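Raw run-v2.txt, compact mmCIF, C-alpha atoms:
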```txt
# COMPACT_ATOMS: atom_id res chain seq x y z
CA MET A 1 123.39 123.65 118.64
CA GLU A 2 122.52 126.94 120.34
CA ASN A 3 118.87 126.62 119.29
CA GLU A 4 118.79 122.99 120.43
CA ILE A 5 120.06 124.02 123.86
CA ARG A 6 117.46 126.78 124.10
CA ASN A 7 114.65 124.45 123.06
CA HIS A 8 115.64 121.71 125.53
CA HIS A 9 117.13 123.76 128.38
CA SER A 10 114.71 122.16 130.87
CA ASN A 11 115.11 118.63 129.54
CA PRO A 12 118.13 116.90 131.18
CA THR A 13 117.91 113.88 128.89
CA GLU A 14 118.05 115.89 125.68
CA LEU A 15 120.88 118.10 127.00
CA GLU A 16 122.90 115.02 127.93
CA ALA A 17 122.35 113.58 124.44
CA LEU A 18 123.51 116.83 122.82
CA TYR A 19 126.56 116.91 125.06
CA ARG A 20 127.57 113.33 124.31
CA ASN A 21 127.13 113.88 120.57
CA ASN A 22 129.71 116.69 120.46
CA LYS A 23 131.19 117.81 123.79
CA VAL A 24 133.42 120.61 122.51
CA ARG A 25 130.72 122.18 120.36
CA PHE A 26 128.12 121.80 123.12
CA LYS A 27 130.34 123.65 125.61
CA ARG A 28 131.07 126.47 123.16
CA SER A 29 127.39 126.88 122.26
CA PHE A 30 126.26 126.61 125.88
CA ASP A 31 128.59 129.45 126.88
CA VAL A 32 126.90 131.64 124.26
CA VAL A 33 123.38 130.74 125.40
CA TYR A 34 123.93 130.60 129.17
CA PRO A 35 123.46 134.35 129.87
CA GLU A 36 119.86 133.92 128.62
CA LEU A 37 119.27 130.84 130.80
CA LYS A 38 121.01 131.98 133.98
CA GLY A 39 118.81 131.25 136.99
CA ASN A 40 117.39 128.05 135.57
CA PRO A 41 118.53 125.26 137.95
CA ILE A 42 119.32 122.82 135.15
CA ALA A 43 121.25 125.45 133.18
CA ASP A 44 123.15 126.53 136.30
CA CYS A 45 124.05 122.90 136.99
CA TRP A 46 125.33 122.44 133.45
CA ASN A 47 127.37 125.66 133.71
CA GLU A 48 129.10 124.34 136.83
CA ARG A 49 129.63 120.95 135.21
CA LEU A 50 131.14 122.37 132.03
CA HIS A 51 133.47 124.75 133.84
CA TYR A 52 134.60 122.41 136.59
CA GLU A 53 138.38 122.18 136.49
CA SER A 54 139.67 118.78 137.41
CA PRO A 55 143.04 118.77 139.18
CA GLU A 56 144.07 115.83 136.99
CA LEU A 57 144.67 115.61 133.27
CA ASN A 58 142.02 113.95 131.16
CA TRP A 59 143.72 111.45 128.87
CA GLY A 60 140.59 110.66 126.89
CA SER A 61 139.51 107.23 125.76
CA ARG A 62 141.76 104.39 124.66
CA SER A 63 140.63 104.74 121.08
CA GLU A 64 141.55 108.43 121.10
CA LEU A 65 144.97 107.75 122.58
CA LEU A 66 145.59 104.99 120.04
CA PHE A 67 144.54 107.31 117.22
CA VAL A 68 146.92 110.05 118.40
CA MET A 69 149.84 107.62 118.64
CA ILE A 70 149.21 106.20 115.16
CA ALA A 71 148.70 109.67 113.66
CA SER A 72 151.91 110.93 115.29
CA LEU A 73 153.82 107.93 113.91
CA ILE A 74 152.45 108.52 110.41
CA ALA A 75 153.38 112.21 110.56
CA GLY A 76 156.94 111.23 111.49
CA LEU A 77 157.10 108.67 108.68
CA ILE A 78 155.98 111.32 106.17
CA ALA A 79 158.75 113.60 107.42
CA LYS A 80 161.29 110.78 106.87
CA ILE A 81 160.23 110.00 103.29
CA PRO A 82 163.31 111.71 101.75
CA SER A 83 165.71 109.50 103.72
CA PHE A 84 163.66 106.33 103.16
CA PHE A 85 163.37 106.77 99.38
CA ASN A 86 166.51 108.85 98.67
CA ILE A 87 164.53 111.92 97.58
CA ASN A 88 166.19 115.33 97.39
CA GLU A 89 165.28 117.16 100.59
CA ASP A 90 165.36 120.56 98.84
CA TYR A 91 162.72 119.24 96.47
CA PHE A 92 160.56 117.42 99.02
CA TYR A 93 160.24 119.64 102.07
CA PRO A 94 159.25 122.98 100.50
CA ARG A 95 156.45 121.23 98.60
CA ASN A 96 155.28 118.75 101.22
CA ILE A 97 155.93 120.18 104.67
CA GLY A 98 152.23 121.00 105.03
CA PHE A 99 151.36 117.33 104.56
CA ILE A 100 153.43 116.43 107.63
CA VAL A 101 151.17 118.53 109.87
CA PHE A 102 147.69 119.15 108.48
CA PRO A 103 146.31 115.86 107.07
CA MET A 104 146.59 114.00 110.39
CA LEU A 105 144.90 116.87 112.24
CA THR A 106 142.19 116.93 109.57
CA VAL A 107 141.59 113.19 109.91
CA PHE A 108 141.40 113.61 113.69
CA PHE A 109 138.60 116.20 113.52
CA ALA A 110 136.82 114.36 110.71
CA TRP A 111 136.76 111.30 112.97
CA LYS A 112 135.77 113.23 116.10
CA ASN A 113 132.95 115.13 114.33
CA LYS A 114 131.69 112.04 112.49
CA LEU A 115 131.57 113.83 109.17
CA SER A 116 129.26 112.66 106.42
CA PHE A 117 130.68 110.74 103.46
CA PRO A 118 130.27 113.65 100.98
CA LYS A 119 132.23 115.99 103.25
CA ILE A 120 134.93 113.36 103.87
CA ALA A 121 135.15 112.80 100.11
CA PHE A 122 135.55 116.55 99.52
CA ILE A 123 138.28 116.85 102.17
CA ALA A 124 140.14 113.78 100.89
CA GLY A 125 139.81 114.90 97.27
CA ALA A 126 141.04 118.44 97.99
CA THR A 127 144.01 117.14 99.98
CA LEU A 128 144.93 114.61 97.29
CA LEU A 129 144.60 117.28 94.59
CA GLY A 130 147.01 119.52 96.48
CA LEU A 131 149.48 116.66 96.96
CA ILE A 132 149.50 115.67 93.29
CA TYR A 133 149.50 119.23 91.95
CA ILE A 134 152.37 120.60 94.07
CA ASN A 135 154.59 117.61 93.31
CA CYS A 136 153.89 117.79 89.59
CA LEU A 137 154.92 121.43 89.24
CA PRO A 138 158.14 121.82 87.20
CA ASN A 139 161.28 121.94 89.32
CA VAL A 140 162.32 125.33 87.95
CA LYS A 141 165.12 127.16 89.73
CA GLN A 142 164.13 130.57 91.12
CA SER A 143 160.45 130.05 90.32
CA ASP A 144 158.32 132.66 92.11
CA THR A 145 155.09 130.82 91.34
CA LEU A 146 156.48 127.61 92.85
CA ILE A 147 157.43 129.41 96.07
CA LEU A 148 154.03 131.11 96.21
CA SER A 149 152.26 127.79 95.61
CA CYS A 150 154.24 126.07 98.36
CA ILE A 151 153.46 128.86 100.86
CA HIS A 152 149.77 129.10 99.99
CA LEU A 153 149.37 125.31 99.87
CA GLY A 154 149.99 125.33 103.61
CA LEU A 155 147.20 127.90 104.00
CA PHE A 156 145.01 125.81 101.71
CA LEU A 157 145.56 122.71 103.88
CA TRP A 158 144.90 124.85 106.98
CA SER A 159 141.55 125.83 105.43
CA ILE A 160 140.74 122.16 104.80
CA LEU A 161 141.51 121.52 108.46
CA GLY A 162 139.02 124.27 109.32
CA ILE A 163 136.34 122.53 107.27
CA ALA A 164 136.90 119.32 109.23
CA PHE A 165 136.93 121.25 112.52
CA VAL A 166 133.55 122.94 112.04
CA GLY A 167 132.02 119.59 111.11
CA GLN A 168 128.62 119.42 109.47
CA GLN A 169 127.78 123.00 110.48
CA SER A 170 130.05 124.72 107.94
CA ILE A 171 128.03 127.95 108.08
CA ASP A 172 128.07 128.10 111.89
CA LYS A 173 130.01 131.29 112.71
CA GLN A 174 130.61 130.20 116.31
CA GLN A 175 132.29 127.06 115.04
CA ARG A 176 134.53 129.12 112.75
CA LEU A 177 135.49 131.34 115.67
CA GLY A 178 136.12 128.19 117.68
CA PHE A 179 138.56 127.15 114.96
CA LEU A 180 140.48 130.42 115.32
CA LYS A 181 140.60 129.97 119.09
CA TYR A 182 141.77 126.39 118.64
CA ASN A 183 144.66 127.67 116.51
CA GLY A 184 145.69 130.15 119.19
CA ASP A 185 145.51 127.49 121.90
CA LEU A 186 147.39 125.03 119.68
CA VAL A 187 150.24 127.51 119.12
CA VAL A 188 150.59 127.95 122.89
CA MET A 189 150.43 124.22 123.64
CA THR A 190 152.71 123.15 120.78
CA THR A 191 155.28 125.77 121.77
CA LEU A 192 155.32 124.44 125.32
CA ILE A 193 155.70 120.87 124.05
CA LEU A 194 158.60 121.85 121.76
CA ILE A 195 160.34 123.77 124.55
CA ALA A 196 160.01 120.79 126.89
CA GLY A 197 161.19 118.46 124.12
CA GLY A 198 164.15 120.71 123.38
CA ILE A 199 165.22 120.70 127.03
CA MET A 200 164.87 116.91 127.24
CA SER A 201 166.85 116.47 124.01
CA ALA A 202 169.68 118.71 125.25
CA LEU A 203 169.86 116.76 128.52
CA THR A 204 169.79 113.41 126.71
CA VAL A 205 172.55 114.31 124.25
CA GLY A 206 174.60 115.88 127.03
CA LEU A 207 174.32 112.86 129.33
CA PHE A 208 175.35 110.43 126.58
CA GLY A 209 178.19 112.78 125.68
CA LEU A 210 179.53 112.53 129.23
CA ILE A 211 180.08 108.79 128.77
CA GLY A 212 181.69 109.23 125.39
CA LEU A 213 178.74 108.40 123.13
CA LYS A 214 178.00 110.95 120.40
CA ILE A 215 174.34 110.38 119.57
CA GLU A 216 173.49 113.82 118.13
CA ASP A 217 173.06 112.74 114.52
CA ILE A 218 171.00 109.60 115.06
CA TYR A 219 168.97 111.25 117.84
CA PHE A 220 167.89 114.23 115.77
CA GLN A 221 167.41 112.17 112.60
CA TYR A 222 164.86 109.95 114.28
CA VAL A 223 163.76 111.03 117.77
CA GLY A 224 163.93 114.72 116.91
CA VAL A 225 162.11 114.45 113.57
CA PHE A 226 159.37 112.21 114.94
CA GLY A 227 158.97 114.40 118.03
CA ILE A 228 158.62 117.65 116.08
CA SER A 229 156.20 116.02 113.62
CA ALA A 230 154.06 114.68 116.47
CA ALA A 231 153.95 117.93 118.48
CA PRO A 232 150.92 119.51 116.68
CA MET A 233 148.93 116.26 116.96
CA VAL A 234 149.73 115.83 120.65
CA GLY A 235 149.06 119.53 121.25
CA THR A 236 145.67 119.25 119.56
CA TYR A 237 144.74 116.23 121.63
CA LEU A 238 145.67 117.94 124.89
CA VAL A 239 143.81 121.12 123.95
CA GLN A 240 140.68 119.17 123.03
CA THR A 241 140.65 116.88 126.07
CA ASN A 242 141.91 119.46 128.60
CA PRO A 243 140.80 122.94 127.48
CA GLN A 244 141.63 124.27 130.95
CA LEU A 245 145.36 123.80 130.26
CA VAL A 246 145.55 126.90 128.08
CA GLY A 247 142.05 128.25 128.64
CA LYS A 248 143.37 130.90 131.00
CA VAL A 249 146.70 131.48 129.26
CA SER A 250 145.32 132.52 125.87
CA PRO A 251 143.15 135.40 127.18
CA VAL A 252 146.10 136.71 129.20
CA ILE A 253 148.34 136.62 126.12
CA ALA A 254 145.68 138.47 124.13
CA LYS A 255 145.32 141.16 126.81
CA ILE A 256 149.07 141.66 127.15
CA PHE A 257 150.06 141.66 123.49
CA SER A 258 147.25 143.80 122.05
CA PRO A 259 148.36 147.05 123.74
CA LEU A 260 152.05 146.20 123.27
CA VAL A 261 151.60 145.63 119.55
CA LEU A 262 149.59 148.88 119.30
CA VAL A 263 152.44 150.86 120.90
CA MET A 264 155.01 149.06 118.71
CA LEU A 265 153.12 149.85 115.51
CA VAL A 266 152.75 153.55 116.36
CA VAL A 267 156.44 153.85 117.26
CA TYR A 268 157.37 151.89 114.13
CA LEU A 269 155.40 154.19 111.82
CA ILE A 270 157.09 157.22 113.40
CA ALA A 271 160.50 155.57 113.11
CA ILE A 272 159.96 154.94 109.38
CA VAL A 273 159.69 158.68 108.80
CA TYR A 274 162.96 159.42 110.63
CA SER A 275 164.93 156.46 109.27
CA GLY A 276 164.48 157.34 105.62
CA LYS A 277 163.44 153.77 104.86
CA ASN A 278 160.30 153.24 102.88
CA PRO A 279 158.63 150.32 101.11
CA TYR A 280 158.39 152.16 97.78
CA ASN A 281 162.01 151.61 96.74
CA ASP A 282 163.13 148.78 99.03
CA ARG A 283 161.82 145.30 98.09
CA GLU A 284 163.03 143.52 101.24
CA PHE A 285 161.56 146.26 103.42
CA LEU A 286 158.21 145.83 101.65
CA LEU A 287 158.25 142.06 102.25
CA ILE A 288 158.99 142.54 105.96
CA PHE A 289 156.30 145.23 106.09
CA ASN A 290 153.73 142.78 104.71
CA ALA A 291 154.87 140.01 107.06
CA LEU A 292 154.36 142.45 109.93
CA LEU A 293 150.88 143.22 108.62
CA ILE A 294 149.86 139.54 108.53
CA GLY A 295 151.24 138.97 112.04
CA VAL A 296 149.33 141.93 113.46
CA LEU A 297 146.15 140.81 111.69
CA ALA A 298 146.46 137.40 113.35
CA ILE A 299 146.88 139.06 116.76
CA ILE A 300 143.79 141.22 116.16
CA PHE A 301 141.68 138.20 115.18
CA PHE A 302 142.88 136.13 118.13
CA SER A 303 142.34 139.02 120.56
CA ILE A 304 138.82 139.65 119.29
CA VAL A 305 137.93 135.98 119.69
CA GLU A 306 139.22 136.02 123.27
CA THR A 307 137.59 139.38 124.07
CA ALA A 308 134.22 138.24 122.74
CA LYS A 309 134.50 135.11 124.86
CA ALA A 310 135.85 136.53 128.09
CA THR A 311 134.92 140.15 128.64
CA LYS A 312 133.08 143.19 127.44
CA ASN A 313 135.56 145.63 129.00
CA ALA A 314 135.46 148.96 127.17
CA MET A 315 139.23 149.48 127.48
CA ALA A 316 139.96 146.16 125.75
CA ILE A 317 137.61 147.08 122.91
CA TRP A 318 139.18 150.55 122.56
CA ILE A 319 142.62 148.96 122.29
CA LEU A 320 141.40 146.60 119.58
CA PHE A 321 139.74 149.47 117.72
CA LEU A 322 142.91 151.59 117.80
CA LEU A 323 145.06 148.59 116.85
CA ALA A 324 142.81 147.82 113.87
CA THR A 325 142.86 151.50 112.83
CA VAL A 326 146.66 151.74 112.96
CA THR A 327 146.91 148.44 111.08
CA ILE A 328 144.73 149.91 108.33
CA ILE A 329 147.28 152.74 108.00
CA VAL A 330 150.08 150.16 107.73
CA ASN A 331 148.03 148.26 105.16
CA VAL A 332 147.39 151.39 103.06
CA VAL A 333 151.11 152.18 103.04
CA ALA A 334 151.96 148.63 101.96
CA LEU A 335 149.20 148.62 99.34
CA SER A 336 150.28 151.95 97.87
CA ALA A 337 153.87 150.70 97.75
CA ILE A 338 153.02 147.56 95.81
CA VAL A 339 150.81 149.53 93.40
CA PHE A 340 153.72 151.94 92.87
CA ARG A 341 156.09 149.08 92.11
CA ILE A 342 153.63 147.49 89.67
CA VAL A 343 153.17 150.79 87.81
CA GLU A 344 156.93 151.43 87.69
CA MET A 345 158.25 147.91 87.01
CA GLY A 346 155.30 145.84 85.82
CA ILE A 347 153.40 142.88 87.19
CA THR A 348 155.13 139.78 88.56
CA PRO A 349 153.76 136.75 90.44
CA ASN A 350 155.04 138.10 93.76
CA ARG A 351 153.59 141.57 93.22
CA ALA A 352 150.26 140.13 92.12
CA ALA A 353 150.11 137.89 95.20
CA VAL A 354 151.03 140.73 97.58
CA LEU A 355 148.54 143.07 95.90
CA GLY A 356 145.70 140.58 96.18
CA SER A 357 146.54 139.73 99.80
CA ASN A 358 146.72 143.40 100.79
CA VAL A 359 143.37 144.18 99.19
CA LEU A 360 141.68 141.26 100.96
CA ILE A 361 143.24 142.17 104.31
CA LEU A 362 142.28 145.84 103.91
CA ILE A 363 138.64 144.95 103.23
CA ASN A 364 138.63 142.62 106.23
CA LEU A 365 140.19 145.24 108.50
CA LEU A 366 137.70 147.89 107.38
CA LEU A 367 134.79 145.56 108.15
CA VAL A 368 136.22 144.65 111.57
CA THR A 369 137.08 148.26 112.47
CA THR A 370 133.59 149.43 111.49
CA LYS A 371 132.04 146.78 113.73
CA LEU A 372 134.36 147.69 116.61
CA PHE A 373 133.30 151.33 116.26
CA LYS A 374 129.66 150.25 116.42
CA VAL A 375 130.44 148.23 119.56
CA LEU A 376 131.93 151.35 121.17
CA THR A 377 128.86 153.37 120.23
CA LYS A 378 126.60 150.64 121.67
CA LYS A 379 125.00 149.83 118.32
CA VAL A 380 126.09 146.18 118.21
CA GLU A 381 127.60 143.61 120.57
CA ILE A 382 131.22 142.43 120.52
CA ASP A 383 129.97 139.03 119.29
CA ASP A 384 129.05 140.70 116.00
CA VAL A 385 132.73 141.51 115.41
CA GLY A 386 133.56 137.83 115.73
CA LYS A 387 130.78 136.94 113.32
CA THR A 388 132.21 139.42 110.80
CA ILE A 389 135.59 137.70 111.03
CA ALA A 390 134.00 134.27 110.70
CA SER A 391 131.99 135.31 107.64
CA TYR A 392 135.13 136.52 105.86
CA LEU A 393 137.26 133.39 106.38
CA PRO A 394 136.03 131.64 103.18
CA VAL A 395 137.41 134.58 101.15
CA TYR A 396 140.93 133.67 102.28
CA PHE A 397 140.26 130.04 101.37
CA ILE A 398 139.33 131.05 97.83
CA TRP A 399 142.46 133.21 97.59
CA THR A 400 144.70 130.28 98.61
CA ILE A 401 143.13 128.22 95.81
CA ILE A 402 143.86 130.97 93.27
CA VAL A 403 147.50 131.45 94.26
CA THR A 404 148.26 127.75 94.78
CA PHE A 405 146.64 126.29 91.68
CA ILE A 406 146.06 129.10 89.17
CA PHE A 407 149.05 131.45 89.53
CA PRO A 408 151.59 128.92 88.14
CA LEU A 409 149.40 128.48 85.05
CA ILE A 410 148.79 132.21 84.54
CA PHE A 411 152.49 133.15 84.86
CA GLY A 412 153.87 130.13 82.99
CA PHE A 413 155.53 128.54 86.06
CA LYS A 414 157.96 131.50 86.28
```
Once more with this new file: its structure as structure tokens, please.
Amino acid sequence: MENEIRNHHSNPTELEALYRNNKVRFKRSFDVVYPELKGNPIADCWNERLHYESPELNWGSRSELLFVMIASLIAGLIAKIPSFFNINEDYFYPRNIGFIVFPMLTVFFAWKNKLSFPKIAFIAGATLLGLIYINCLPNVKQSDTLILSCIHLGLFLWSILGIAFVGQQSIDKQQRLGFLKYNGDLVVMTTLILIAGGIMSALTVGLFGLIGLKIEDIYFQYVGVFGISAAPMVGTYLVQTNPQLVGKVSPVIAKIFSPLVLVMLVVYLIAIVYSGKNPYNDREFLLIFNALLIGVLAIIFFSIVETAKATKNAMAIWILFLLATVTIIVNVVALSAIVFRIVEMGITPNRAAVLGSNVLILINLLLVTTKLFKVLTKKVEIDDVGKTIASYLPVYFIWTIIVTFIFPLIFGFK
């Protein structure tokens, strides 16, 4: 898309055709190319057009609205399957909660991007494989491999969603970064929707309670379940049709939380020394330590995407570099702890999964930190850091496949 815009930057007809073919991708690519075209009247006009903020919400086309309503209804019906067919909820939800959220979002982007039949077949086949496989796993009590498969199946379905999001250009690094930004925006939008829905639900239940009608059970069994299931779909639709809604919120969140997380991590590492706690002999502490690591990694990725898009401020890049460096220290501590536990107590599914995840994250952090250092020394641009992140995403996809589908077989479903 970027090359197409460059080649036709003086041809209004071709630019309009590119825009109508894929508006979101055109805008993202145009923002990358525009610094080269600044001063060209047509390019300047397009820049103003793309960044004009309408005071009113854009509700999209009728077909899009109808699609969102049907998809939201289907998501709610999937969530209600246990009550409709008398299925044990403890069996159903851990295995299938990902299918309430991701398939409808995947279908939405497959439809919007007009994917080719082979790609649609791959997405549908992978999703169906995951559905059949996870529900055919033995219902063994206290099965580590089952828990790991359920957790990583969600990540697997998230990866499939990413494939649908990038469309036909699966190797386009800007599209992959766009997917990460979409996830950040979606978290913000969905959280706002859920907060608003929670307030409305409390008011509704309270008002009916004042007149003596106790509707809590039936309200949350139907309205609540359908509302929560629909929130990601509605959030996606609003983010895609009105990017300005969270377009200014996400960069602010990135700027605020990056330095705060950096300070928290430094203080936390110091506190570990004084508290006497360590991940080498405390299993729960190690699990929390790794959860912290994944959370910080997500913040780093999101912040880099926003920094590359919004600013080239040296202070912001320094904060990201220091945050990535401190996170590497946290990762090394966690990695050494899991290696210690494997040597002392042997290999288990959980230890193997944590070991593999830590190694992959460490490699990713080293690559990102190296690029950030080169940005600070003026050897590369901040965009190269984003491209490094985008190039590494398929590695996580492969890892989700291994843990979800192969671990139960290797460890005998234990």
Could you pull the residues within 9 Å of region 68-72 of chain A, counting all atoms listed in the file, minus those fewer than 3 positions along the same chain, as a ChimeraX atom specification? /A:63-65,75-77,104-105,107-108,226-227,229-234,237
Those residues you just picked out, can you put them in a file as a compact mmCIF listing (two decimals), in the coordinates of the input with C-alpha atoms?
```txt
# COMPACT_ATOMS: atom_id res chain seq x y z
CA SER A 63 140.63 104.74 121.08
CA GLU A 64 141.55 108.43 121.10
CA LEU A 65 144.97 107.75 122.58
CA ALA A 75 153.38 112.21 110.56
CA GLY A 76 156.94 111.23 111.49
CA LEU A 77 157.10 108.67 108.68
CA MET A 104 146.59 114.00 110.39
CA LEU A 105 144.90 116.87 112.24
CA VAL A 107 141.59 113.19 109.91
CA PHE A 108 141.40 113.61 113.69
CA PHE A 226 159.37 112.21 114.94
CA GLY A 227 158.97 114.40 118.03
CA SER A 229 156.20 116.02 113.62
CA ALA A 230 154.06 114.68 116.47
CA ALA A 231 153.95 117.93 118.48
CA PRO A 232 150.92 119.51 116.68
CA MET A 233 148.93 116.26 116.96
CA VAL A 234 149.73 115.83 120.65
CA TYR A 237 144.74 116.23 121.63
```
Build an axis-aligned box that encloses every atom of region 291-306 of chain A listed in the file, pad it by 3 Å on each side, and report its centre and edge lengths in Å to one decimal, as JSON.
```
{"center_x": 146.4, "center_y": 139.6, "center_z": 115.2, "size_x": 22.9, "size_y": 13.2, "size_z": 22.2}
```
Nearest to Cys150 (chain A) among A:Arg351, A:Lys112, A:Arg95, A:Lys119, with distances taken over only C-alpha atoms: which residue is it? A:Arg95
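Straight-line separation from CA of Ser116 (chain A) to CA of Gln168 (chain A): 7.4 Å.
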Env of Phe373 (chain A): 10 Å cut, atoms = all atoms listed in the file, seq-sep filter 5 positions within chain, self excluded. Answer as a PyMOL selection string. chain A and resi 317-318+320-322+368+378-380+385
Quick check, in Å to one decimal: how far apart do CA of Leu372 (chain A) and CA of Tyr268 (chain A) lie? 23.5 Å
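The smallest atom-to-atom distance between Tyr133 (chain A) and any of A:Ile211, A:Val359, A:Val333, A:Leu146, using all atoms listed in the file, is found for A:Leu146.
Interatomic distance, CA of Leu286 (chain A) against CA of Ala337 (chain A): 7.6 Å.
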In the coordinate frame of the file, compute which residues have an atom within 10 Å of (150.1, 144.9, 103.5) when using all atoms listed in the file, and state them as a PDB file with C-alpha atoms, keeping the file's coordinate frame.
```pdb
ATOM      1  CA  LEU A 286     158.210 145.830 101.650  1.00  0.00           C
ATOM      2  CA  LEU A 287     158.250 142.060 102.250  1.00  0.00           C
ATOM      3  CA  ILE A 288     158.990 142.540 105.960  1.00  0.00           C
ATOM      4  CA  PHE A 289     156.300 145.230 106.090  1.00  0.00           C
ATOM      5  CA  ASN A 290     153.730 142.780 104.710  1.00  0.00           C
ATOM      6  CA  ALA A 291     154.870 140.010 107.060  1.00  0.00           C
ATOM      7  CA  LEU A 292     154.360 142.450 109.930  1.00  0.00           C
ATOM      8  CA  LEU A 293     150.880 143.220 108.620  1.00  0.00           C
ATOM      9  CA  ILE A 294     149.860 139.540 108.530  1.00  0.00           C
ATOM     10  CA  LEU A 297     146.150 140.810 111.690  1.00  0.00           C
ATOM     11  CA  THR A 327     146.910 148.440 111.080  1.00  0.00           C
ATOM     12  CA  ILE A 328     144.730 149.910 108.330  1.00  0.00           C
ATOM     13  CA  ILE A 329     147.280 152.740 108.000  1.00  0.00           C
ATOM     14  CA  VAL A 330     150.080 150.160 107.730  1.00  0.00           C
ATOM     15  CA  ASN A 331     148.030 148.260 105.160  1.00  0.00           C
ATOM     16  CA  VAL A 332     147.390 151.390 103.060  1.00  0.00           C
ATOM     17  CA  VAL A 333     151.110 152.180 103.040  1.00  0.00           C
ATOM     18  CA  ALA A 334     151.960 148.630 101.960  1.00  0.00           C
ATOM     19  CA  LEU A 335     149.200 148.620  99.340  1.00  0.00           C
ATOM     20  CA  SER A 336     150.280 151.950  97.870  1.00  0.00           C
ATOM     21  CA  ALA A 337     153.870 150.700  97.750  1.00  0.00           C
ATOM     22  CA  ILE A 338     153.020 147.560  95.810  1.00  0.00           C
ATOM     23  CA  VAL A 354     151.030 140.730  97.580  1.00  0.00           C
ATOM     24  CA  LEU A 355     148.540 143.070  95.900  1.00  0.00           C
ATOM     25  CA  GLY A 356     145.700 140.580  96.180  1.00  0.00           C
ATOM     26  CA  SER A 357     146.540 139.730  99.800  1.00  0.00           C
ATOM     27  CA  ASN A 358     146.720 143.400 100.790  1.00  0.00           C
ATOM     28  CA  VAL A 359     143.370 144.180  99.190  1.00  0.00           C
ATOM     29  CA  LEU A 360     141.680 141.260 100.960  1.00  0.00           C
ATOM     30  CA  ILE A 361     143.240 142.170 104.310  1.00  0.00           C
ATOM     31  CA  LEU A 362     142.280 145.840 103.910  1.00  0.00           C
TER      32      LEU A 362
END
```
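Among the candidate residues A:His51, A:Lys27, A:Lys141, A:Arg62, the one lying nearest to Phe413 (chain A) is A:Lys141, with distances computed using only C-alpha atoms.
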Neighbouring residues of region 36-41 of chain A were defined as those with any atom within 10 Å, considering only C-alpha atoms; residues of the same chain fewer than 5 positions away were excluded. Please report them as a list in words. Ile5, Arg6, His9, Ser10, Phe30, Asp31, Trp46 and Asn47 of chain A
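Taking only C-alpha atoms into account, Ser143 (chain A) lies nearest to A:Asn350 out of the set A:Val375, A:Asn350, A:Ala43, A:Ile163.
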Exercise: Ser258 (chain A) partners within 12 Å, only C-alpha atoms, chain neighbours under 2 positions left out, as a PDB file with C-alpha atoms, keeping the file's coordinate frame:
```pdb
ATOM      1  CA  PRO A 251     143.150 135.400 127.180  1.00  0.00           C
ATOM      2  CA  VAL A 252     146.100 136.710 129.200  1.00  0.00           C
ATOM      3  CA  ILE A 253     148.340 136.620 126.120  1.00  0.00           C
ATOM      4  CA  ALA A 254     145.680 138.470 124.130  1.00  0.00           C
ATOM      5  CA  LYS A 255     145.320 141.160 126.810  1.00  0.00           C
ATOM      6  CA  ILE A 256     149.070 141.660 127.150  1.00  0.00           C
ATOM      7  CA  LEU A 260     152.050 146.200 123.270  1.00  0.00           C
ATOM      8  CA  VAL A 261     151.600 145.630 119.550  1.00  0.00           C
ATOM      9  CA  LEU A 262     149.590 148.880 119.300  1.00  0.00           C
ATOM     10  CA  VAL A 263     152.440 150.860 120.900  1.00  0.00           C
ATOM     11  CA  MET A 264     155.010 149.060 118.710  1.00  0.00           C
ATOM     12  CA  LEU A 265     153.120 149.850 115.510  1.00  0.00           C
ATOM     13  CA  GLY A 295     151.240 138.970 112.040  1.00  0.00           C
ATOM     14  CA  VAL A 296     149.330 141.930 113.460  1.00  0.00           C
ATOM     15  CA  LEU A 297     146.150 140.810 111.690  1.00  0.00           C
ATOM     16  CA  ALA A 298     146.460 137.400 113.350  1.00  0.00           C
ATOM     17  CA  ILE A 299     146.880 139.060 116.760  1.00  0.00           C
ATOM     18  CA  ILE A 300     143.790 141.220 116.160  1.00  0.00           C
ATOM     19  CA  PHE A 301     141.680 138.200 115.180  1.00  0.00           C
ATOM     20  CA  PHE A 302     142.880 136.130 118.130  1.00  0.00           C
ATOM     21  CA  SER A 303     142.340 139.020 120.560  1.00  0.00           C
ATOM     22  CA  ILE A 304     138.820 139.650 119.290  1.00  0.00           C
ATOM     23  CA  GLU A 306     139.220 136.020 123.270  1.00  0.00           C
ATOM     24  CA  THR A 307     137.590 139.380 124.070  1.00  0.00           C
ATOM     25  CA  MET A 315     139.230 149.480 127.480  1.00  0.00           C
ATOM     26  CA  ALA A 316     139.960 146.160 125.750  1.00  0.00           C
ATOM     27  CA  ILE A 317     137.610 147.080 122.910  1.00  0.00           C
ATOM     28  CA  TRP A 318     139.180 150.550 122.560  1.00  0.00           C
ATOM     29  CA  ILE A 319     142.620 148.960 122.290  1.00  0.00           C
ATOM     30  CA  LEU A 320     141.400 146.600 119.580  1.00  0.00           C
ATOM     31  CA  PHE A 321     139.740 149.470 117.720  1.00  0.00           C
ATOM     32  CA  LEU A 322     142.910 151.590 117.800  1.00  0.00           C
ATOM     33  CA  LEU A 323     145.060 148.590 116.850  1.00  0.00           C
ATOM     34  CA  ALA A 324     142.810 147.820 113.870  1.00  0.00           C
ATOM     35  CA  THR A 327     146.910 148.440 111.080  1.00  0.00           C
TER      36      THR A 327
END
```
Which of A:Ile134, A:Val239, A:Ile97, A:Leu115 sits closest to Thr404 (chain A) [using all atoms listed in the file]: A:Ile134
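Nearest residue to Val249 (chain A) among A:Leu157, A:Met189, A:Ala196, A:Ile342 is A:Met189, counting all atoms listed in the file.
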